[in-house]
Structure formats: structure tokens, C-alpha cells
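One file, entry-v3.cif, is given below (mmCIF, C-alpha atoms and all ligand atoms).
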data_structure
loop_
_atom_site.group_PDB
_atom_site.id
_atom_site.type_symbol
_atom_site.label_atom_id
_atom_site.label_comp_id
_atom_site.auth_asym_id
_atom_site.auth_seq_id
_atom_site.Cartn_x
_atom_site.Cartn_y
_atom_site.Cartn_z
ATOM 1 C CA MET A 1 12.079 19.146 101.828
ATOM 2 C CA PRO A 2 14.683 19.467 99.098
ATOM 3 C CA LEU A 3 15.035 16.915 96.360
ATOM 4 C CA GLU A 4 17.696 14.287 97.162
ATOM 5 C CA ILE A 5 20.041 13.829 94.215
ATOM 6 C CA VAL A 6 22.462 10.932 93.730
ATOM 7 C CA GLN A 7 25.051 11.032 90.957
ATOM 8 C CA ILE A 8 25.941 7.668 89.381
ATOM 9 C CA PRO A 9 28.914 7.607 86.985
ATOM 10 C CA VAL A 10 28.442 5.000 84.225
ATOM 11 C CA LEU A 11 30.113 3.984 80.955
ATOM 12 C CA SER A 12 33.201 6.056 80.183
ATOM 13 C CA ASP A 13 31.901 9.542 81.035
ATOM 14 C CA ASN A 14 28.101 9.525 81.538
ATOM 15 C CA TYR A 15 26.317 10.722 84.685
ATOM 16 C CA VAL A 16 22.961 9.189 85.593
ATOM 17 C CA TYR A 17 21.023 10.862 88.430
ATOM 18 C CA LEU A 18 18.581 9.486 90.960
ATOM 19 C CA VAL A 19 16.119 12.129 92.181
ATOM 20 C CA HIS A 20 14.228 11.239 95.348
ATOM 21 C CA ASP A 21 11.334 12.915 97.139
ATOM 22 C CA ALA A 22 11.584 11.744 100.737
ATOM 23 C CA ALA A 23 8.075 13.013 101.601
ATOM 24 C CA SER A 24 6.331 10.641 99.176
ATOM 25 C CA GLY A 25 9.022 8.091 98.350
ATOM 26 C CA ALA A 26 8.756 8.955 94.664
ATOM 27 C CA THR A 27 12.071 8.324 92.913
ATOM 28 C CA GLY A 28 13.104 9.208 89.399
ATOM 29 C CA VAL A 29 16.164 8.470 87.333
ATOM 30 C CA VAL A 30 17.401 10.964 84.773
ATOM 31 C CA ASP A 31 18.786 9.495 81.531
ATOM 32 C CA PRO A 32 19.577 5.904 82.574
ATOM 33 C CA ALA A 33 22.224 4.864 80.064
ATOM 34 C CA VAL A 34 22.353 1.371 81.557
ATOM 35 C CA PRO A 35 20.081 -0.372 84.082
ATOM 36 C CA GLU A 36 22.377 -2.326 86.424
ATOM 37 C CA PRO A 37 24.108 0.486 88.340
ATOM 38 C CA VAL A 38 20.708 2.185 88.762
ATOM 39 C CA LEU A 39 19.096 -0.951 90.219
ATOM 40 C CA ALA A 40 22.090 -1.473 92.494
ATOM 41 C CA GLU A 41 21.898 2.083 93.859
ATOM 42 C CA LEU A 42 18.117 1.853 94.342
ATOM 43 C CA GLN A 43 18.561 -1.350 96.303
ATOM 44 C CA ARG A 44 21.369 0.087 98.396
ATOM 45 C CA ARG A 45 19.152 3.024 99.425
ATOM 46 C CA GLY A 46 15.903 1.082 99.694
ATOM 47 C CA TRP A 47 14.211 3.306 97.106
ATOM 48 C CA ARG A 48 11.580 2.163 94.606
ATOM 49 C CA LEU A 49 11.826 3.613 91.099
ATOM 50 C CA THR A 50 8.657 5.449 90.033
ATOM 51 C CA HIS A 51 9.823 7.532 87.044
ATOM 52 C CA ILE A 52 12.380 7.699 84.271
ATOM 53 C CA LEU A 53 13.014 11.242 83.048
ATOM 54 C CA ASN A 54 14.636 11.251 79.600
ATOM 55 C CA THR A 55 16.133 14.402 78.090
ATOM 56 C CA HIS A 56 16.684 13.050 74.562
ATOM 57 C CA HIS A 57 16.759 9.913 72.461
ATOM 58 C CA HIS A 58 20.480 9.042 72.290
ATOM 59 C CA PRO A 59 21.316 5.476 73.395
ATOM 60 C CA ASP A 60 23.578 6.646 76.222
ATOM 61 C CA HIS A 61 20.499 8.351 77.739
ATOM 62 C CA VAL A 62 17.687 5.830 77.111
ATOM 63 C CA GLY A 63 19.645 2.551 77.044
ATOM 64 C CA GLY A 64 18.315 1.435 80.435
ATOM 65 C CA ASN A 65 14.672 2.378 79.840
ATOM 66 C CA MET A 66 13.111 -0.987 79.019
ATOM 67 C CA ALA A 67 15.047 -3.063 81.546
ATOM 68 C CA LEU A 68 14.210 -0.593 84.331
ATOM 69 C CA LYS A 69 10.550 -0.460 83.316
ATOM 70 C CA ASP A 70 10.398 -4.273 83.263
ATOM 71 C CA ALA A 71 12.048 -4.488 86.672
ATOM 72 C CA THR A 72 10.069 -1.735 88.435
ATOM 73 C CA GLY A 73 6.948 -0.831 86.421
ATOM 74 C CA CYS A 74 8.039 2.810 86.454
ATOM 75 C CA THR A 75 6.539 5.544 84.269
ATOM 76 C CA ILE A 76 8.717 6.861 81.445
ATOM 77 C CA VAL A 77 8.629 10.613 80.736
ATOM 78 C CA GLY A 78 10.280 12.093 77.663
ATOM 79 C CA PRO A 79 10.149 14.745 74.952
ATOM 80 C CA GLU A 80 6.948 14.981 72.949
ATOM 81 C CA ALA A 81 8.821 16.105 69.842
ATOM 82 C CA ASP A 82 10.794 12.849 69.883
ATOM 83 C CA ALA A 83 8.223 10.508 71.442
ATOM 84 C CA ASP A 84 8.716 7.931 68.662
ATOM 85 C CA ARG A 85 12.415 7.648 69.546
ATOM 86 C CA ILE A 86 12.057 7.215 73.335
ATOM 87 C CA PRO A 87 11.751 3.498 74.214
ATOM 88 C CA GLY A 88 8.695 2.728 76.375
ATOM 89 C CA ILE A 89 7.552 6.347 76.714
ATOM 90 C CA ASP A 90 4.338 6.786 78.755
ATOM 91 C CA ILE A 91 4.118 10.568 79.209
ATOM 92 C CA ALA A 92 5.275 12.953 76.472
ATOM 93 C CA VAL A 93 6.032 16.476 77.676
ATOM 94 C CA ALA A 94 6.893 19.744 75.960
ATOM 95 C CA GLY A 95 8.149 23.158 76.963
ATOM 96 C CA ASN A 96 6.159 25.015 79.623
ATOM 97 C CA GLU A 97 4.561 21.804 80.793
ATOM 98 C CA GLY A 98 5.609 20.226 84.049
ATOM 99 C CA ILE A 99 5.982 16.883 85.719
ATOM 100 C CA ASP A 100 5.345 15.967 89.347
ATOM 101 C CA LEU A 101 7.621 13.644 91.260
ATOM 102 C CA GLY A 102 5.711 13.168 94.488
ATOM 103 C CA SER A 103 5.721 16.580 96.185
ATOM 104 C CA GLN A 104 8.458 17.852 93.858
ATOM 105 C CA HIS A 105 7.679 19.670 90.642
ATOM 106 C CA ALA A 106 9.862 20.005 87.559
ATOM 107 C CA ARG A 107 9.252 22.488 84.802
ATOM 108 C CA VAL A 108 10.103 21.292 81.318
ATOM 109 C CA PHE A 109 12.031 23.422 78.829
ATOM 110 C CA ASP A 110 12.273 22.692 75.118
ATOM 111 C CA VAL A 111 15.976 23.003 74.320
ATOM 112 C CA PRO A 112 16.543 21.785 70.735
ATOM 113 C CA GLY A 113 19.964 21.860 69.075
ATOM 114 C CA HIS A 114 21.825 18.710 70.124
ATOM 115 C CA THR A 115 18.750 16.764 69.006
ATOM 116 C CA ARG A 116 15.513 18.159 67.647
ATOM 117 C CA GLY A 117 13.442 16.977 70.624
ATOM 118 C CA HIS A 118 15.794 17.674 73.523
ATOM 119 C CA ILE A 119 14.174 18.797 76.789
ATOM 120 C CA ALA A 120 15.490 19.831 80.218
ATOM 121 C CA TYR A 121 13.959 19.424 83.687
ATOM 122 C CA TRP A 122 14.065 22.324 86.170
ATOM 123 C CA PHE A 123 13.299 21.541 89.822
ATOM 124 C CA GLY A 124 12.973 25.186 90.797
ATOM 125 C CA ASP A 125 12.461 24.718 94.559
ATOM 126 C CA SER A 126 15.736 22.770 94.705
ATOM 127 C CA ARG A 127 17.532 24.942 92.137
ATOM 128 C CA ALA A 128 18.425 21.794 90.176
ATOM 129 C CA LEU A 129 18.658 21.751 86.384
ATOM 130 C CA PHE A 130 18.916 18.459 84.471
ATOM 131 C CA CYS A 131 20.041 19.600 81.062
ATOM 132 C CA GLY A 132 21.194 16.368 79.382
ATOM 133 C CA ASP A 133 23.562 17.113 76.514
ATOM 134 C CA THR A 134 22.520 20.751 75.961
ATOM 135 C CA LEU A 135 24.784 22.555 78.461
ATOM 136 C CA PHE A 136 27.961 20.998 79.875
ATOM 137 C CA ALA A 137 30.394 22.336 82.430
ATOM 138 C CA LEU A 138 32.480 24.717 80.286
ATOM 139 C CA GLY A 139 30.870 23.357 77.138
ATOM 140 C CA CYS A 140 27.694 22.617 75.215
ATOM 141 C CA GLY A 141 26.364 19.713 73.174
ATOM 142 C CA ARG A 142 27.252 19.102 69.564
ATOM 143 C CA LEU A 143 24.695 20.237 66.998
ATOM 144 C CA PHE A 144 23.591 16.905 65.565
ATOM 145 C CA GLU A 145 20.002 17.813 64.662
ATOM 146 C CA GLY A 146 19.716 21.566 65.127
ATOM 147 C CA THR A 147 21.093 24.930 64.089
ATOM 148 C CA PRO A 148 23.339 27.307 66.014
ATOM 149 C CA ALA A 149 20.385 29.705 66.339
ATOM 150 C CA GLN A 150 18.257 26.984 67.961
ATOM 151 C CA MET A 151 21.019 25.982 70.349
ATOM 152 C CA TRP A 152 21.764 29.569 71.310
ATOM 153 C CA ALA A 153 18.055 30.128 72.049
ATOM 154 C CA SER A 154 18.068 26.953 74.175
ATOM 155 C CA LEU A 155 21.112 28.098 76.163
ATOM 156 C CA GLN A 156 19.473 31.494 76.703
ATOM 157 C CA THR A 157 16.577 29.676 78.384
ATOM 158 C CA PHE A 158 19.078 28.471 80.999
ATOM 159 C CA LEU A 159 20.667 31.920 81.298
ATOM 160 C CA ALA A 160 17.353 33.182 82.684
ATOM 161 C CA LEU A 161 17.709 30.881 85.731
ATOM 162 C CA PRO A 162 19.331 31.981 89.021
ATOM 163 C CA ASP A 163 23.113 31.870 89.513
ATOM 164 C CA ASP A 164 22.856 29.313 92.335
ATOM 165 C CA THR A 165 21.214 26.788 90.003
ATOM 166 C CA ARG A 166 23.170 23.543 90.049
ATOM 167 C CA VAL A 167 23.816 22.269 86.540
ATOM 168 C CA TYR A 168 23.462 18.477 86.432
ATOM 169 C CA CYS A 169 24.708 17.698 82.949
ATOM 170 C CA ALA A 170 25.004 14.195 81.524
ATOM 171 C CA HIS A 171 28.754 13.905 80.844
ATOM 172 C CA GLU A 172 32.108 14.494 82.531
ATOM 173 C CA TYR A 173 33.655 16.449 79.649
ATOM 174 C CA THR A 174 34.848 19.370 81.730
ATOM 175 C CA GLU A 175 38.632 18.996 81.502
ATOM 176 C CA SER A 176 38.730 18.760 77.710
ATOM 177 C CA ASN A 177 36.144 21.552 77.507
ATOM 178 C CA ALA A 178 38.419 23.674 79.700
ATOM 179 C CA ARG A 179 41.414 23.021 77.447
ATOM 180 C CA PHE A 180 39.415 24.463 74.560
ATOM 181 C CA ALA A 181 37.850 27.323 76.545
ATOM 182 C CA VAL A 182 41.195 28.851 77.539
ATOM 183 C CA THR A 183 42.221 29.028 73.871
ATOM 184 C CA VAL A 184 39.204 31.156 72.892
ATOM 185 C CA GLU A 185 38.984 33.352 75.993
ATOM 186 C CA PRO A 186 42.570 33.550 77.245
ATOM 187 C CA GLY A 187 42.010 36.841 79.099
ATOM 188 C CA ASN A 188 39.280 35.485 81.408
ATOM 189 C CA ALA A 189 40.892 35.179 84.854
ATOM 190 C CA ALA A 190 37.888 33.337 86.336
ATOM 191 C CA LEU A 191 38.217 30.758 83.571
ATOM 192 C CA THR A 192 41.947 30.291 84.166
ATOM 193 C CA ARG A 193 41.265 29.739 87.882
ATOM 194 C CA ARG A 194 38.505 27.277 87.115
ATOM 195 C CA TYR A 195 40.741 25.334 84.725
ATOM 196 C CA ASP A 196 43.198 24.802 87.601
ATOM 197 C CA GLU A 197 40.367 23.649 89.892
ATOM 198 C CA VAL A 198 39.038 21.254 87.255
ATOM 199 C CA ARG A 199 42.474 19.727 86.668
ATOM 200 C CA ALA A 200 42.960 19.236 90.404
ATOM 201 C CA LEU A 201 39.542 17.588 90.814
ATOM 202 C CA ARG A 202 40.109 15.213 87.901
ATOM 203 C CA ALA A 203 43.629 14.365 89.055
ATOM 204 C CA ALA A 204 42.030 13.348 92.364
ATOM 205 C CA GLY A 205 39.425 11.264 90.507
ATOM 206 C CA ARG A 206 36.575 13.521 91.597
ATOM 207 C CA PRO A 207 33.607 14.807 89.554
ATOM 208 C CA THR A 208 33.478 18.411 88.335
ATOM 209 C CA VAL A 209 29.695 18.153 87.963
ATOM 210 C CA PRO A 210 27.436 19.731 89.125
ATOM 211 C CA SER A 211 28.712 23.239 88.630
ATOM 212 C CA THR A 212 26.565 26.313 89.195
ATOM 213 C CA LEU A 213 24.967 28.418 86.538
ATOM 214 C CA GLY A 214 26.837 31.417 87.949
ATOM 215 C CA GLU A 215 30.164 29.688 87.276
ATOM 216 C CA GLU A 216 29.045 28.769 83.768
ATOM 217 C CA ARG A 217 27.874 32.304 83.081
ATOM 218 C CA ALA A 218 31.318 33.622 84.061
ATOM 219 C CA THR A 219 33.533 31.022 82.362
ATOM 220 C CA ASN A 220 31.725 28.920 79.723
ATOM 221 C CA PRO A 221 32.563 30.368 76.272
ATOM 222 C CA PHE A 222 29.312 29.014 74.807
ATOM 223 C CA LEU A 223 27.356 31.274 77.176
ATOM 224 C CA ARG A 224 29.585 34.290 76.522
ATOM 225 C CA PRO A 225 29.203 35.404 72.882
ATOM 226 C CA ASP A 226 29.069 38.995 74.198
ATOM 227 C CA SER A 227 32.592 38.725 75.657
ATOM 228 C CA GLN A 228 34.941 41.205 74.006
ATOM 229 C CA ASN A 229 37.886 38.938 74.791
ATOM 230 C CA LEU A 230 36.227 35.976 73.029
ATOM 231 C CA ARG A 231 35.215 38.158 70.102
ATOM 232 C CA ALA A 232 38.746 39.492 69.741
ATOM 233 C CA THR A 233 40.165 35.949 69.627
ATOM 234 C CA LEU A 234 37.649 34.979 66.943
ATOM 235 C CA GLY A 235 38.119 38.231 65.005
ATOM 236 C CA MET A 236 34.366 38.917 65.283
ATOM 237 C CA ALA A 237 34.155 42.204 67.187
ATOM 238 C CA GLY A 238 30.960 43.419 65.504
ATOM 239 C CA ALA A 239 29.151 40.130 64.816
ATOM 240 C CA ASP A 240 25.831 39.156 66.366
ATOM 241 C CA ASP A 241 25.648 36.695 69.263
ATOM 242 C CA VAL A 242 24.416 33.762 67.175
ATOM 243 C CA ALA A 243 27.326 34.136 64.735
ATOM 244 C CA VAL A 244 29.855 34.251 67.597
ATOM 245 C CA PHE A 245 28.232 31.219 69.243
ATOM 246 C CA ALA A 246 28.237 29.332 65.913
ATOM 247 C CA GLU A 247 31.933 30.061 65.317
ATOM 248 C CA THR A 248 32.829 28.993 68.883
ATOM 249 C CA ARG A 249 30.933 25.715 68.378
ATOM 250 C CA ARG A 250 32.567 25.189 64.964
ATOM 251 C CA ARG A 251 36.057 25.623 66.422
ATOM 252 C CA LYS A 252 35.320 23.203 69.263
ATOM 253 C CA ASP A 253 34.161 20.580 66.743
ATOM 254 C CA THR A 254 37.628 20.497 65.182
ATOM 255 C CA PHE A 255 39.696 21.266 68.319
ATOM 256 C CA ARG A 256 42.485 18.824 69.102
ATOM 257 C CA GLY A 257 44.236 19.624 72.308
HETATM 258 ZN ZN ZN A 301 23.337 13.014 73.340
HETATM 259 FE FE FE A 302 25.116 11.864 75.751
#
Show the structure stored in the file as C-alpha cells.
Amino acid sequence: MPLEIVQIPVLSDNYVYLVHDAASGATGVVDPAVPEPVLAELQRRGWRLTHILNTHHHPDHVGGNMALKDATGCTIVGPEADADRIPGIDIAVAGNEGIDLGSQHARVFDVPGHTRGHIAYWFGDSRALFCGDTLFALGCGRLFEGTPAQMWASLQTFLALPDDTRVYCAHEYTESNARFAVTVEPGNAALTRRYDEVRALRAAGRPTVPSTLGEERATNPFLRPDSQNLRATLGMAGADDVAVFAETRRRKDTFRG
């Protein structure tokens, strides 16, 4: 049975996800920024929370941890490298380890860059990737605690996954990411088409997340340092991939548009 996934929009642009294994009743929540909407959704569906899966320590990802643990007695799973910054952590996991949610299994990837201890959860049987603030639709996380080389290595971990992987990122940043993307890769027709789709979805008040990894591979400039069109825009025809990625990230940091 596939993993059931429920997307809960909270705060101004965060997505929290319930992940439910119908066979066992096990239910996790990925990056609960706040507790109330999570408890309300659990009650509405008659699900009992068994796990919190944190990707990294930022308050808009762990803010609901303690209240949810108090209310449900759930087990909190988070990154070993940042265990001291994850409130209430019970199980610390690192890359190449895994975590079971009833009959569902998630592989853990170490994906540092946004924070030093960022991890992602890959439910391979369901082709579902929970990548926190590492990869966004048409974007990637800011480098608060890591280097461009670390972040590029982290993104390459995702690039090894199948194209039909659904990318459950933690923020609805897609429209502003798209505005930037078309300035650095103006000759990418798939990107131009996607920008139109994203604008239409947002105008209708609908989410643009999840996307697929195949779409990201074709249109997300942070996954495309080998693109000749991107390189031409940046004036970096002969540079290595890390340098092109770093320059793309640097330009996004100061982009106003
Ligand atoms: Zn963050
Ligand atoms: Fe965040």
C-alpha cells in the first residue's frame, strides 16, 4: 500500500506533511512548524501521531515538536549532526540509515548546506522525497551554515533519484523562484512553460508543490550548472559545476524581482 500524504499549509508559506501507513496506522508528521493545524488534521482523519520527522533545526520546522509530543507521546526523529538543536529528539539518524514508519521505510540522506545537519527522507516505494529546505520547486535553500560545494553535493544526491519522484519541499516559494530562474536561463522553453503554469496555479490559490524530480531536473537552475544557456548568461562557459552553482546561488541571494 502506498504511503498516504497530506499537505498542510501553515504560517505564510510553510508546508507540513502528514505521512500515514494505512496497514499499521503509523502516522508521521514532517517538519511541524506549529502544532494546532497538525492536531486538527489528525483529529479530522482519526489518525494517531506516532512520529515527528524533522529535516533540520530551524524554528519553522521544529516549532510544533514539544506540543505534539506532549499531546500524543510520539517519537521524534531528527538529524544526528544537529541532535542538540532538535527539541525533544528521541532518535538521531544520519545518512544511509533508515527509519521505519509502520510497514513503510524511509532512507535518510545527509544533505548539508542550508544547515550543517540537514537531512532528507526518501520513501522509495512511494517515490516520495521530503527534502525540507534543501531543494525547492525551481529553487534551493539559502546557504546559512554550509558551502556551495556541500550544497551542490547534497543536490546531486537527489539527482540520482528517479524522475517520477515527487518533491515534497517545505515552502511555497515557487513563483518568486520562477521569476529568478527565467532571468538566468532565458532560453529554456520548458522553464518558460512551467513559469506560466506556476503563475496560473498561484493565481487560482493552488499549491505548486509537490513537483517531480524530472520537472526540477529540466527547469530548476540550481540543478542545471551544466546548462550552456545558464553558463552563457553568467559568463562562465568553462567553469566547473560548483562555481556555476555558487554564482547562481549568489545572484538569487540579491535578486529583487
Ligand atoms: Zn530552514
Ligand atoms: Fe524553512
Which residues are near ligand ZN 301 (chain A) in this structure, taking near to mean any atom at most 9 Å from a ligand atom and counting all atoms listed in the file? Format them as a PyMOL selection string. chain A and resi 55-61+114-115+118+132-134+141-142+144+170
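The smallest atom-to-atom distance between ligand FE 302 (chain A) and any of A:Thr219, A:Thr208, A:Gln228, A:Asn54, using all atoms listed in the file, is found for A:Asn54.
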Since I can't run it myself right now, could you work out what the PyMOL selection byres (((chain A and resi 75) around 8) and not hetatm) selects here and report it as a list in words? Thr50, His51, Ile52, Lys69, Gly73, Cys74, Ile76, Val77, Ile89, Asp90 and Ile91 of chain A
Run the PyMOL selection byres (((chain A and resi 41-43) around 10) and not hetatm) on the file and write out the hits as a PyMOL selection string. chain A and resi 6-8+18+27+29+36-40+44-49
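The space between CA of Gly124 (chain A) and CA of Leu161 (chain A) spans 9.0 Å.
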If the PyMOL selection byres (((chain A and resi 222) around 7) and not hetatm) were run on this exact file, what residues would it hold? Put them as a PyMOL selection string. chain A and resi 139-140+220-221+223-225+245+248
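CA of Ala232 (chain A) to CA of Val198 (chain A) spans 25.3 Å [interatomic distance, one decimal].
For the pair CA of Asp240 (chain A) and CA of Asp110 (chain A), the interatomic distance is 23.1 Å.
Shortest atom-to-atom contact with ligand FE 302 (chain A) among A:Leu135, A:Val242, A:Met66, A:Ala94: A:Leu135, counting only C-alpha atoms and all ligand atoms.
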Measuring between all atoms listed in the file, which one of A:Gly102, A:Ala33, A:Gly88, A:Trp122 shows the shortest distance to Asp13 (chain A)? A:Ala33
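Minimum distance to ligand FE 302 (chain A) across A:Gly98, A:Gly63, A:Pro112, A:Gly28 (counting only C-alpha atoms and all ligand atoms) occurs at A:Gly63.
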Would you pick out the contacts of Phe180 (chain A) at 8 Å or less, using all atoms listed in the file, so that residues sharing its chain but fewer than 3 positions from it are not included, and give the list as a PDB file with C-alpha atoms, in the coordinates of the input?
ATOM      1  CA  SER A 176      38.730  18.760  77.710  1.00  0.00           C
ATOM      2  CA  ASN A 177      36.144  21.552  77.507  1.00  0.00           C
ATOM      3  CA  THR A 183      42.221  29.028  73.871  1.00  0.00           C
ATOM      4  CA  VAL A 184      39.204  31.156  72.892  1.00  0.00           C
ATOM      5  CA  LYS A 252      35.320  23.203  69.263  1.00  0.00           C
ATOM      6  CA  PHE A 255      39.696  21.266  68.319  1.00  0.00           C
ATOM      7  CA  GLY A 257      44.236  19.624  72.308  1.00  0.00           C
TER       8      GLY A 257
END
Choose the residue, out of A:Thr174, A:Ser227, A:Thr165, A:Thr233, that has the smallest atom-to-atom separation from Val209 (chain A); count only C-alpha atoms. A:Thr174
What would the list of residues within 12 Å of (3.2, 13.3, 69.8) (file frame) look like as a ChimeraX atom specification, if only C-alpha atoms are what count? /A:78-86,89-94,117
Judged by only C-alpha atoms, the minimum distance to Asp226 (chain A) among A:Arg249, A:Pro207, A:Glu185, A:Ala71 is found for A:Glu185
Residue contacts of region 186-195 of chain A (7 Å, all atoms listed in the file) excluding same-chain residues fewer than 4 positions away, as a list in words: Ala178, Val182, Arg199, Ala218, Thr219 and Asn229 of chain A
Which residues, written as an MDAnalysis selection string, have at least one atom at most 10 Å from Pro162 (chain A), with only C-alpha atoms counted and residues fewer than 5 positions away on the same chain left out? chainID A and resid 124 127 212:214
I'd like the contact shell of Phe109 (chain A) - 7 Å cut-off, only C-alpha atoms, skipping same-chain residues fewer than 2 positions apart - returned as number ranges by chain. A: 94-96, 107, 111, 119-121
Work out where the centre of an axis-aligned box around every listed atom of region 92-103 of chain A lies and how long its edges are once 8 Å is added on each side; give both in Å to one decimal as JSON.
{"center_x": 6.4, "center_y": 19.0, "center_z": 86.1, "size_x": 19.6, "size_y": 28.1, "size_z": 36.2}
